[in-house]
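As provided, input-v5.txt (compact mmCIF, C-alpha atoms) reads as follows.
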```txt
# COMPACT_ATOMS: atom_id res chain seq x y z
CA MET Q 1 -2.66 -9.41 -27.55
CA GLY Q 2 -2.72 -6.75 -24.81
CA THR Q 3 -3.42 -3.07 -25.24
CA ALA Q 4 -0.62 -0.62 -24.50
CA ARG Q 5 -1.50 2.24 -22.19
CA LEU Q 6 0.51 5.43 -22.28
CA ALA Q 7 1.41 7.02 -18.99
CA THR Q 8 0.65 10.68 -18.50
CA PRO Q 9 4.01 12.44 -18.68
CA ALA Q 10 4.96 15.18 -16.28
CA LEU Q 11 5.43 18.28 -18.40
CA PRO Q 12 7.10 21.15 -16.55
CA GLY Q 13 5.08 24.33 -16.90
CA PHE Q 14 1.86 22.58 -18.02
CA LYS Q 15 -1.19 22.14 -15.83
CA ILE Q 16 -2.82 18.77 -16.54
CA LEU Q 17 -6.57 18.24 -16.18
CA HIS Q 18 -8.22 14.83 -16.55
CA ALA Q 19 -11.91 14.91 -17.54
CA PRO Q 20 -12.91 18.01 -15.56
CA ALA Q 21 -16.60 18.06 -14.63
CA PRO Q 22 -18.65 20.97 -16.02
CA GLN Q 23 -19.10 22.42 -12.52
CA GLN Q 24 -15.30 22.58 -12.13
CA ILE Q 25 -15.02 24.94 -15.10
CA PRO Q 26 -15.55 28.65 -14.33
CA ASP Q 27 -18.53 30.34 -15.99
CA SER Q 28 -16.46 32.70 -18.15
CA SER Q 29 -13.64 31.81 -20.51
CA VAL Q 30 -11.53 34.62 -18.99
CA SER Q 31 -11.95 33.10 -15.52
CA PHE Q 32 -11.07 29.70 -16.97
CA LEU Q 33 -7.83 31.14 -18.41
CA GLN Q 34 -7.02 32.64 -15.02
CA MET Q 35 -7.70 29.28 -13.36
CA LEU Q 36 -5.31 27.54 -15.76
CA GLY Q 37 -2.63 30.12 -15.00
CA GLY Q 38 -0.44 28.97 -17.88
CA PRO Q 39 -0.18 26.27 -20.54
CA ALA Q 40 -2.45 23.28 -19.98
CA ILE Q 41 -3.25 19.82 -21.25
CA ILE Q 42 -6.85 18.66 -20.87
CA PHE Q 43 -7.73 14.98 -21.38
CA ILE Q 44 -11.34 14.10 -22.20
CA PRO Q 45 -12.15 10.39 -22.56
CA GLY Q 46 -14.17 9.47 -25.61
CA ARG Q 47 -16.62 6.73 -26.48
CA THR Q 48 -13.76 4.82 -28.19
CA ARG Q 49 -10.06 4.53 -27.38
CA ARG Q 50 -9.05 6.16 -30.66
CA LYS Q 51 -6.98 9.29 -30.08
CA ARG Q 52 -7.27 12.92 -31.17
CA ALA Q 53 -5.24 16.00 -30.23
CA ILE Q 54 -6.34 19.61 -30.66
CA THR Q 55 -4.30 22.74 -29.95
CA THR Q 56 -5.65 26.16 -29.14
CA LEU Q 57 -4.12 29.54 -28.28
CA LEU Q 58 -1.05 28.43 -30.19
CA HIS Q 59 -0.02 32.03 -30.87
CA GLY Q 60 -2.30 33.59 -28.26
CA ASN Q 61 -3.93 36.05 -30.64
CA GLU Q 62 -7.00 34.05 -31.71
CA PRO Q 63 -9.26 33.25 -28.76
CA SER Q 64 -12.17 31.65 -30.66
CA GLY Q 65 -10.80 28.09 -30.33
CA PHE Q 66 -10.30 28.51 -26.59
CA GLN Q 67 -13.79 29.97 -26.23
CA ALA Q 68 -15.20 26.94 -28.08
CA LEU Q 69 -13.23 24.59 -25.82
CA HIS Q 70 -14.56 26.41 -22.74
CA ARG Q 71 -18.14 26.03 -23.98
CA LEU Q 72 -17.66 22.31 -24.76
CA LEU Q 73 -16.26 21.66 -21.27
CA LYS Q 74 -19.12 23.59 -19.62
CA GLU Q 75 -21.63 21.51 -21.63
CA GLY Q 76 -20.05 18.19 -20.58
CA PHE Q 77 -18.87 17.34 -24.10
CA LYS Q 78 -18.27 13.61 -24.70
CA PRO Q 79 -16.10 13.17 -27.82
CA TYR Q 80 -16.16 10.13 -30.09
CA ALA Q 81 -12.43 9.49 -29.53
CA ASP Q 82 -10.21 10.16 -26.52
CA THR Q 83 -9.27 13.80 -27.01
CA THR Q 84 -6.33 15.78 -25.69
CA PHE Q 85 -6.67 19.56 -25.82
CA ILE Q 86 -3.41 21.48 -25.59
CA VAL Q 87 -3.78 25.11 -24.51
CA VAL Q 88 -0.46 26.77 -25.28
CA SER Q 89 -0.11 30.56 -25.01
CA VAL Q 90 -2.31 31.38 -22.04
CA ASP Q 91 -0.25 34.43 -21.08
CA ALA Q 92 -0.64 36.05 -24.51
```
Let me see whether you can do it: turn the structure in this file into structure tokens.
Amino acid sequence: MGTARLATPALPGFKILHAPAPQQIPDSSVSFLQMLGGPAIIFIPGRTRRKRAITTLLHGNEPSGFQALHRLLKEGFKPYADTTFIVVSVDA
């Protein structure tokens, strides 16, 4: 039996990043936010094809999750499962 593969949808207003290399991520989380320029979806392939989704900056008033995401991306984080990070309220 074949494996279904989901296409990446075009989401108006969202910047989509696929497995950005650590050197593509700015050194500061503030610069990273400025680079995103708005809501973003970041796909990081994992060691298995299982799926996970994580949101951050949902309300825009708690930056610790985004700061952790920034650090993971700078370190070249390789998750166990395919992981989609959804950065929502960049402007807040």
So what do you get for atom CA of Arg49 of chain Q versus atom CA of Asp27 of chain Q, distance-wise? 29.5 Å
Nearest residue to Thr56 of chain Q from the set Q:Pro20, Q:Pro39, Q:Gly76, Q:Pro26 (distances using only C-alpha atoms):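 Of Q:Pro20, Q:Pro39, Q:Gly76, Q:Pro26, the one nearest Thr56 of chain Q is Q:Pro39, counting only C-alpha atoms.
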Within 9 Å of segment 70-73 of chain Q using only C-alpha atoms, minus same-chain residues under 5 positions, as a list of chain:residue names: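 In the requested format, the answer is Q:Ala19, Q:Pro20, Q:Ala21, Q:Pro22, Q:Ile25, Q:Pro26, Q:Asp27, Q:Ser28, Q:Ser29, Q:Phe32, Q:Gly65, Q:Lys78.
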Counting all atoms listed in the file, select every polymer residue within 7 Å of (-10.5, 10.6, -24.8) as defined in the file's coordinates, and provide the selection as an mmCIF file with C-alpha atoms, keeping the file's coordinate frame.
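The result, stored in result-v7.cif:
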```cif
data_model
loop_
_atom_site.group_PDB
_atom_site.id
_atom_site.type_symbol
_atom_site.label_atom_id
_atom_site.label_comp_id
_atom_site.auth_asym_id
_atom_site.auth_seq_id
_atom_site.Cartn_x
_atom_site.Cartn_y
_atom_site.Cartn_z
ATOM 1 C CA PHE Q 43 -7.730 14.980 -21.380
ATOM 2 C CA ILE Q 44 -11.340 14.100 -22.200
ATOM 3 C CA PRO Q 45 -12.150 10.390 -22.560
ATOM 4 C CA GLY Q 46 -14.170 9.470 -25.610
ATOM 5 C CA ARG Q 49 -10.060 4.530 -27.380
ATOM 6 C CA LYS Q 51 -6.980 9.290 -30.080
ATOM 7 C CA PRO Q 79 -16.100 13.170 -27.820
ATOM 8 C CA ALA Q 81 -12.430 9.490 -29.530
ATOM 9 C CA ASP Q 82 -10.210 10.160 -26.520
ATOM 10 C CA THR Q 83 -9.270 13.800 -27.010
ATOM 11 C CA THR Q 84 -6.330 15.780 -25.690
#
```
Hey, which of Q:Ser89, Q:Gln23, Q:Gln34, Q:Thr48 ends up closest to Glu62 of chain Q? Count all atoms listed in the file.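 Of all the options, Q:Ser89 lies closest to Glu62 of chain Q.
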Atom CA of Ala40 of chain Q to atom CA of Thr55 of chain Q, distance in Å rounded to a single decimal: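 We find that atom CA of Ala40 of chain Q and atom CA of Thr55 of chain Q lie 10.2 Å from each other.
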Give the answer as one residue: which of Q:Asp91, Q:Met35, Q:Arg47, Q:Tyr80 has the shortest atom-to-atom distance to Gly60 of chain Q, using all atoms listed in the file?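 Under the stated criterion, the closest residue is Q:Asp91.
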When you look at Val30 of chain Q with a cut-off of 10 Å (counting all atoms listed in the file), what residues show up, excluding the ones that are within fewer than 6 positions of it in the same chain? I need them as a list in words.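 Residues near the query, excluding close chain neighbours: Leu36, Phe66, Gln67 and His70 of chain Q.
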Closest to Ile42 of chain Q among Q:Leu17, Q:Leu58, Q:Val90, Q:Ser64, using only C-alpha atoms?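 Of Q:Leu17, Q:Leu58, Q:Val90, Q:Ser64, the one nearest Ile42 of chain Q is Q:Leu17, counting only C-alpha atoms.
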Å distance separating atom CA of Phe85 of chain Q from atom CA of His59 of chain Q, one decimal place: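 Going from atom CA of Phe85 of chain Q over to atom CA of His59 of chain Q covers 15.0 Å.
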Which residue gives the smallest distance to Leu57 of chain Q among Q:Leu69, Q:Phe77, Q:Val87, Q:Ser31, with all atoms listed in the file counted?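 When distances to Leu57 of chain Q are compared using all atoms listed in the file, the smallest one comes from Q:Val87.
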